[in-house]
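Here the structure is laid out as structure tokens; the discussion comes afterwards.
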Amino acid sequence: MEKSSNPGNHPAVETIVLGGGCFWCTEAVYKEVRGITDVESGYSNGQAERPSYEQVCTGRTGSVEVVKLEYDPAVISTRQVLEIFFVVHDPTQLNRQGNDIGTQYRSGIYFTTPEQQQVAQKLVEEAAREGLFDEPIVTEIKPLADYWPAEDYHQDFFERNPTQGYCMAVAAPKVTKFRKTFRDLAKT
């Protein structure tokens with residue numbers, strides 16, 4: 001990764017990939033976050049090379065619907081990125097989010113640096129110790145593997161289809177929850 005010339009020699013941009021159910025919802029939230037420089041829906045951590053949406057939906061590829069986030073660590077920390085993640089999806093649901101059921105909807109943090117892994121593990125441990133959730137957290141924390149971008153029609157889906165039924169019923173409430181909970185991290 002290229003280093004910036006900023007003080008402390010921190011990377012100019014970091015990448016982390018998150019699986020929090022349907023990627024339309026997760027993408028819609030992170031497009032609103034200050035310090036997130038790019039959001040792309042895709043698939044990762046499965047066995048299929050370059051899977052299609054139709055293949056992933058079968059549940060046989062092992063791939064997860066994810067969003068690849070590029071973020072500026074001088075503006076938003078990895079911890080803040082993950083705190084948002086744990087508020088806008090349910091990390092206690094195994095292989096599902098609400099009515100979206102299957103391994104492709106599992107909760108996952110797919111890190112690209114050892115530091116991201118450490119932050120993720122610490123956050124999960126703290127949440128468990130403090131009893132933030134009624135059930136155990138089932139979010140997998142693994143190195144990013146086999147990422148492939150989703151088809152063009154999935155990109156910016158909520159932005160392009162705000163009145164679509166799923167967007168109104170599932171994505172919009174998550175965006176609203178983010179705006180209320182993390183007002184200081186919302187883009188203006």
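Residues in the structure tokens are numbered from 1 in each chain, the chains being A, B, ... in the order shown, and ligands are numbered from 1 in the order shown.
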(message) So that I can check the surroundings of Thr176 in chain A, please list as an MDAnalysis selection string every protein, DNA and RNA residue that reaches within 12 Å of it, counting only C-alpha atoms and ignoring chain neighbours fewer than 3 positions away.
(response) chainID A and resid 25 28:30 32 87:88 168:173 179:183 186
Suppose we keep N, CA, C and O atoms; can you now write the selection as a compact mmCIF listing (two decimals), in the first residue's frame?
# COMPACT_ATOMS: atom_id res chain seq x y z
N CYS A 25 -28.09 -2.40 1.48
CA CYS A 25 -28.27 -1.67 2.75
C CYS A 25 -26.95 -1.15 3.29
O CYS A 25 -26.85 0.01 3.69
N ALA A 28 -25.65 1.68 1.23
CA ALA A 28 -26.43 2.91 1.44
C ALA A 28 -25.96 3.65 2.69
O ALA A 28 -25.85 4.88 2.68
N VAL A 29 -25.67 2.92 3.74
CA VAL A 29 -25.20 3.55 4.98
C VAL A 29 -23.82 4.17 4.78
O VAL A 29 -23.61 5.35 5.08
N TYR A 30 -22.88 3.40 4.28
CA TYR A 30 -21.49 3.89 4.21
C TYR A 30 -21.29 5.00 3.18
O TYR A 30 -20.33 5.76 3.29
N GLU A 32 -22.95 7.50 3.23
CA GLU A 32 -23.29 8.67 4.03
C GLU A 32 -22.20 9.05 5.03
O GLU A 32 -22.32 10.04 5.74
N VAL A 87 -23.84 -1.24 14.65
CA VAL A 87 -25.12 -0.58 14.95
C VAL A 87 -26.14 -0.80 13.84
O VAL A 87 -27.33 -0.96 14.10
N VAL A 88 -25.69 -0.84 12.58
CA VAL A 88 -26.64 -0.87 11.46
C VAL A 88 -26.97 -2.28 10.96
O VAL A 88 -27.76 -2.42 10.03
N MET A 168 -37.08 0.93 0.65
CA MET A 168 -37.90 1.69 1.59
C MET A 168 -38.06 0.94 2.92
O MET A 168 -38.01 1.55 3.99
N ALA A 169 -38.23 -0.38 2.84
CA ALA A 169 -38.52 -1.16 4.04
C ALA A 169 -37.28 -1.52 4.85
O ALA A 169 -37.35 -1.61 6.07
N VAL A 170 -36.14 -1.73 4.18
CA VAL A 170 -34.97 -2.25 4.89
C VAL A 170 -33.79 -1.27 4.86
O VAL A 170 -33.20 -0.98 5.90
N ALA A 171 -33.43 -0.76 3.70
CA ALA A 171 -32.25 0.10 3.60
C ALA A 171 -32.49 1.48 4.24
O ALA A 171 -31.65 1.97 5.00
N ALA A 172 -33.61 2.10 3.93
CA ALA A 172 -33.88 3.46 4.44
C ALA A 172 -33.84 3.53 5.97
O ALA A 172 -33.24 4.44 6.53
N PRO A 173 -34.45 2.57 6.69
CA PRO A 173 -34.36 2.62 8.15
C PRO A 173 -32.92 2.50 8.67
O PRO A 173 -32.58 3.10 9.69
N ARG A 179 -27.79 7.96 10.68
CA ARG A 179 -27.81 9.43 10.80
C ARG A 179 -28.12 9.88 12.23
O ARG A 179 -27.56 10.86 12.70
N LYS A 180 -29.01 9.16 12.91
CA LYS A 180 -29.36 9.52 14.28
C LYS A 180 -28.25 9.15 15.26
O LYS A 180 -27.95 9.91 16.18
N THR A 181 -27.67 7.97 15.10
CA THR A 181 -26.69 7.47 16.05
C THR A 181 -25.31 8.10 15.86
O THR A 181 -24.58 8.30 16.83
N PHE A 182 -24.95 8.37 14.61
CA PHE A 182 -23.60 8.86 14.31
C PHE A 182 -23.65 10.21 13.59
O PHE A 182 -22.94 10.42 12.61
N ARG A 183 -24.45 11.11 14.12
CA ARG A 183 -24.64 12.43 13.48
C ARG A 183 -23.29 13.09 13.19
O ARG A 183 -23.11 13.70 12.14
N ALA A 186 -21.63 11.81 9.93
CA ALA A 186 -22.40 11.90 8.67
C ALA A 186 -21.83 13.01 7.78
O ALA A 186 -21.43 14.07 8.27
(request) Write out as JSON, numbers by chain which residues come within 8 Å of range 136-150 of chain A when counting only C-alpha atoms, dropping same-chain ones fewer than 5 positions away. (result) {"A": [17, 40, 41, 42, 43, 44, 45, 46, 47, 48, 49, 50, 51, 52, 53, 91, 92, 93, 94, 106, 107, 108, 109, 110, 111, 112, 117, 120, 121, 124, 128, 155]}
(request) Could you jot down the CA of Thr163 in chain A to CA of Thr37 in chain A separation for me, Å, one decimal place? (result) 25.4 Å
Which of range 49-140 of chain A DSSP labels alpha helix (DSSP H), written as a PDB file with N, CA, C and O atoms, in the first residue's frame:
ATOM      1  N   TYR A  53     -24.125 -12.668  -9.293  1.00  0.00           N
ATOM      2  CA  TYR A  53     -25.175 -12.554  -8.288  1.00  0.00           C
ATOM      3  C   TYR A  53     -26.004 -13.835  -8.243  1.00  0.00           C
ATOM      4  O   TYR A  53     -26.309 -14.350  -7.167  1.00  0.00           O
ATOM      5  N   GLU A  54     -26.341 -14.341  -9.409  1.00  0.00           N
ATOM      6  CA  GLU A  54     -27.156 -15.559  -9.478  1.00  0.00           C
ATOM      7  C   GLU A  54     -26.439 -16.731  -8.810  1.00  0.00           C
ATOM      8  O   GLU A  54     -27.060 -17.521  -8.094  1.00  0.00           O
ATOM      9  N   GLN A  55     -25.130 -16.855  -9.015  1.00  0.00           N
ATOM     10  CA  GLN A  55     -24.368 -17.933  -8.381  1.00  0.00           C
ATOM     11  C   GLN A  55     -24.315 -17.757  -6.869  1.00  0.00           C
ATOM     12  O   GLN A  55     -24.497 -18.721  -6.118  1.00  0.00           O
ATOM     13  N   VAL A  56     -24.073 -16.538  -6.421  1.00  0.00           N
ATOM     14  CA  VAL A  56     -23.977 -16.265  -4.991  1.00  0.00           C
ATOM     15  C   VAL A  56     -25.308 -16.551  -4.304  1.00  0.00           C
ATOM     16  O   VAL A  56     -25.350 -17.109  -3.198  1.00  0.00           O
ATOM     17  N   CYS A  57     -26.418 -16.213  -4.959  1.00  0.00           N
ATOM     18  CA  CYS A  57     -27.746 -16.425  -4.375  1.00  0.00           C
ATOM     19  C   CYS A  57     -28.074 -17.896  -4.141  1.00  0.00           C
ATOM     20  O   CYS A  57     -28.940 -18.202  -3.314  1.00  0.00           O
ATOM     21  N   THR A  78     -10.601   3.019  11.963  1.00  0.00           N
ATOM     22  CA  THR A  78     -11.134   1.669  11.731  1.00  0.00           C
ATOM     23  C   THR A  78     -12.187   1.348  12.790  1.00  0.00           C
ATOM     24  O   THR A  78     -13.239   0.788  12.475  1.00  0.00           O
ATOM     25  N   ARG A  79     -11.915   1.719  14.023  1.00  0.00           N
ATOM     26  CA  ARG A  79     -12.878   1.458  15.094  1.00  0.00           C
ATOM     27  C   ARG A  79     -14.217   2.132  14.804  1.00  0.00           C
ATOM     28  O   ARG A  79     -15.274   1.518  14.969  1.00  0.00           O
ATOM     29  N   GLN A  80     -14.202   3.379  14.362  1.00  0.00           N
ATOM     30  CA  GLN A  80     -15.449   4.077  14.044  1.00  0.00           C
ATOM     31  C   GLN A  80     -16.179   3.404  12.891  1.00  0.00           C
ATOM     32  O   GLN A  80     -17.403   3.254  12.931  1.00  0.00           O
ATOM     33  N   VAL A  81     -15.439   2.974  11.866  1.00  0.00           N
ATOM     34  CA  VAL A  81     -16.051   2.253  10.740  1.00  0.00           C
ATOM     35  C   VAL A  81     -16.775   1.012  11.263  1.00  0.00           C
ATOM     36  O   VAL A  81     -17.910   0.726  10.873  1.00  0.00           O
ATOM     37  N   LEU A  82     -16.140   0.295  12.191  1.00  0.00           N
ATOM     38  CA  LEU A  82     -16.724  -0.936  12.712  1.00  0.00           C
ATOM     39  C   LEU A  82     -17.828  -0.680  13.738  1.00  0.00           C
ATOM     40  O   LEU A  82     -18.777  -1.464  13.832  1.00  0.00           O
ATOM     41  N   GLU A  83     -17.743   0.401  14.485  1.00  0.00           N
ATOM     42  CA  GLU A  83     -18.838   0.741  15.401  1.00  0.00           C
ATOM     43  C   GLU A  83     -20.121   0.991  14.615  1.00  0.00           C
ATOM     44  O   GLU A  83     -21.202   0.548  15.026  1.00  0.00           O
ATOM     45  N   ILE A  84     -20.009   1.680  13.497  1.00  0.00           N
ATOM     46  CA  ILE A  84     -21.175   1.887  12.627  1.00  0.00           C
ATOM     47  C   ILE A  84     -21.718   0.537  12.177  1.00  0.00           C
ATOM     48  O   ILE A  84     -22.925   0.286  12.245  1.00  0.00           O
ATOM     49  N   PHE A  85     -20.838  -0.341  11.742  1.00  0.00           N
ATOM     50  CA  PHE A  85     -21.209  -1.671  11.264  1.00  0.00           C
ATOM     51  C   PHE A  85     -22.035  -2.425  12.313  1.00  0.00           C
ATOM     52  O   PHE A  85     -23.070  -3.018  11.998  1.00  0.00           O
ATOM     53  N   PHE A  86     -21.601  -2.374  13.574  1.00  0.00           N
ATOM     54  CA  PHE A  86     -22.296  -3.120  14.618  1.00  0.00           C
ATOM     55  C   PHE A  86     -23.615  -2.479  15.040  1.00  0.00           C
ATOM     56  O   PHE A  86     -24.435  -3.126  15.682  1.00  0.00           O
ATOM     57  N   VAL A  87     -23.844  -1.237  14.654  1.00  0.00           N
ATOM     58  CA  VAL A  87     -25.121  -0.582  14.955  1.00  0.00           C
ATOM     59  C   VAL A  87     -26.142  -0.801  13.838  1.00  0.00           C
ATOM     60  O   VAL A  87     -27.331  -0.965  14.105  1.00  0.00           O
ATOM     61  N   VAL A  88     -25.691  -0.839  12.581  1.00  0.00           N
ATOM     62  CA  VAL A  88     -26.639  -0.869  11.461  1.00  0.00           C
ATOM     63  C   VAL A  88     -26.974  -2.279  10.960  1.00  0.00           C
ATOM     64  O   VAL A  88     -27.757  -2.418  10.030  1.00  0.00           O
ATOM     65  N   PRO A 114      -3.162  -6.259   9.624  1.00  0.00           N
ATOM     66  CA  PRO A 114      -3.223  -6.851  10.968  1.00  0.00           C
ATOM     67  C   PRO A 114      -3.853  -5.897  11.988  1.00  0.00           C
ATOM     68  O   PRO A 114      -4.532  -6.343  12.917  1.00  0.00           O
ATOM     69  N   GLU A 115      -3.665  -4.610  11.801  1.00  0.00           N
ATOM     70  CA  GLU A 115      -4.250  -3.635  12.714  1.00  0.00           C
ATOM     71  C   GLU A 115      -5.775  -3.678  12.662  1.00  0.00           C
ATOM     72  O   GLU A 115      -6.440  -3.590  13.696  1.00  0.00           O
ATOM     73  N   GLN A 116      -6.341  -3.810  11.471  1.00  0.00           N
ATOM     74  CA  GLN A 116      -7.800  -3.922  11.344  1.00  0.00           C
ATOM     75  C   GLN A 116      -8.296  -5.169  12.064  1.00  0.00           C
ATOM     76  O   GLN A 116      -9.329  -5.127  12.746  1.00  0.00           O
ATOM     77  N   GLN A 117      -7.580  -6.269  11.922  1.00  0.00           N
ATOM     78  CA  GLN A 117      -7.954  -7.506  12.613  1.00  0.00           C
ATOM     79  C   GLN A 117      -7.974  -7.292  14.124  1.00  0.00           C
ATOM     80  O   GLN A 117      -8.925  -7.691  14.803  1.00  0.00           O
ATOM     81  N   GLN A 118      -6.954  -6.645  14.650  1.00  0.00           N
ATOM     82  CA  GLN A 118      -6.865  -6.393  16.090  1.00  0.00           C
ATOM     83  C   GLN A 118      -8.021  -5.514  16.572  1.00  0.00           C
ATOM     84  O   GLN A 118      -8.626  -5.795  17.610  1.00  0.00           O
ATOM     85  N   VAL A 119      -8.318  -4.460  15.825  1.00  0.00           N
ATOM     86  CA  VAL A 119      -9.416  -3.563  16.199  1.00  0.00           C
ATOM     87  C   VAL A 119     -10.736  -4.333  16.199  1.00  0.00           C
ATOM     88  O   VAL A 119     -11.543  -4.204  17.125  1.00  0.00           O
ATOM     89  N   ALA A 120     -10.959  -5.129  15.175  1.00  0.00           N
ATOM     90  CA  ALA A 120     -12.202  -5.904  15.070  1.00  0.00           C
ATOM     91  C   ALA A 120     -12.342  -6.884  16.230  1.00  0.00           C
ATOM     92  O   ALA A 120     -13.406  -6.963  16.869  1.00  0.00           O
ATOM     93  N   GLN A 121     -11.286  -7.621  16.525  1.00  0.00           N
ATOM     94  CA  GLN A 121     -11.342  -8.603  17.614  1.00  0.00           C
ATOM     95  C   GLN A 121     -11.578  -7.928  18.960  1.00  0.00           C
ATOM     96  O   GLN A 121     -12.378  -8.391  19.776  1.00  0.00           O
ATOM     97  N   LYS A 122     -10.908  -6.795  19.172  1.00  0.00           N
ATOM     98  CA  LYS A 122     -11.072  -6.063  20.426  1.00  0.00           C
ATOM     99  C   LYS A 122     -12.509  -5.550  20.571  1.00  0.00           C
ATOM    100  O   LYS A 122     -13.103  -5.641  21.643  1.00  0.00           O
ATOM    101  N   LEU A 123     -13.072  -5.031  19.496  1.00  0.00           N
ATOM    102  CA  LEU A 123     -14.438  -4.508  19.532  1.00  0.00           C
ATOM    103  C   LEU A 123     -15.444  -5.621  19.846  1.00  0.00           C
ATOM    104  O   LEU A 123     -16.358  -5.432  20.654  1.00  0.00           O
ATOM    105  N   VAL A 124     -15.272  -6.785  19.242  1.00  0.00           N
ATOM    106  CA  VAL A 124     -16.161  -7.923  19.518  1.00  0.00           C
ATOM    107  C   VAL A 124     -16.021  -8.359  20.970  1.00  0.00           C
ATOM    108  O   VAL A 124     -17.022  -8.611  21.657  1.00  0.00           O
ATOM    109  N   GLU A 125     -14.800  -8.424  21.467  1.00  0.00           N
ATOM    110  CA  GLU A 125     -14.569  -8.814  22.862  1.00  0.00           C
ATOM    111  C   GLU A 125     -15.219  -7.815  23.817  1.00  0.00           C
ATOM    112  O   GLU A 125     -15.856  -8.203  24.797  1.00  0.00           O
ATOM    113  N   GLU A 126     -15.067  -6.525  23.544  1.00  0.00           N
ATOM    114  CA  GLU A 126     -15.671  -5.488  24.391  1.00  0.00           C
ATOM    115  C   GLU A 126     -17.190  -5.590  24.380  1.00  0.00           C
ATOM    116  O   GLU A 126     -17.836  -5.499  25.432  1.00  0.00           O
ATOM    117  N   ALA A 127     -17.770  -5.767  23.203  1.00  0.00           N
ATOM    118  CA  ALA A 127     -19.230  -5.871  23.089  1.00  0.00           C
ATOM    119  C   ALA A 127     -19.745  -7.069  23.881  1.00  0.00           C
ATOM    120  O   ALA A 127     -20.778  -6.973  24.559  1.00  0.00           O
ATOM    121  N   ALA A 128     -19.035  -8.193  23.797  1.00  0.00           N
ATOM    122  CA  ALA A 128     -19.447  -9.392  24.537  1.00  0.00           C
ATOM    123  C   ALA A 128     -19.320  -9.164  26.040  1.00  0.00           C
ATOM    124  O   ALA A 128     -20.243  -9.484  26.812  1.00  0.00           O
ATOM    125  N   ARG A 129     -18.201  -8.602  26.460  1.00  0.00           N
ATOM    126  CA  ARG A 129     -17.959  -8.358  27.880  1.00  0.00           C
ATOM    127  C   ARG A 129     -18.990  -7.386  28.468  1.00  0.00           C
ATOM    128  O   ARG A 129     -19.454  -7.557  29.585  1.00  0.00           O
ATOM    129  N   GLU A 130     -19.360  -6.383  27.686  1.00  0.00           N
ATOM    130  CA  GLU A 130     -20.306  -5.366  28.165  1.00  0.00           C
ATOM    131  C   GLU A 130     -21.763  -5.764  27.945  1.00  0.00           C
ATOM    132  O   GLU A 130     -22.669  -5.032  28.327  1.00  0.00           O
TER     133      GLU A 130
END
(message) Between CA of Val33 in chain A and CA of Val75 in chain A, what is the distance in Å, rounded to a tenth?
(response) 10.3 Å
(message) For the structure I just gave you, how does DSSP split range 54-94 of chain A - specifically, which residues are strand (DSSP E)? Reply as a PyMOL selection string.
(response) chain A and resi 64-71
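Residue nearest Thr103 in chain A, chosen from A:Gly19, A:His89, A:Asp152, A:Phe178 and counting only C-alpha atoms: A:Gly19.
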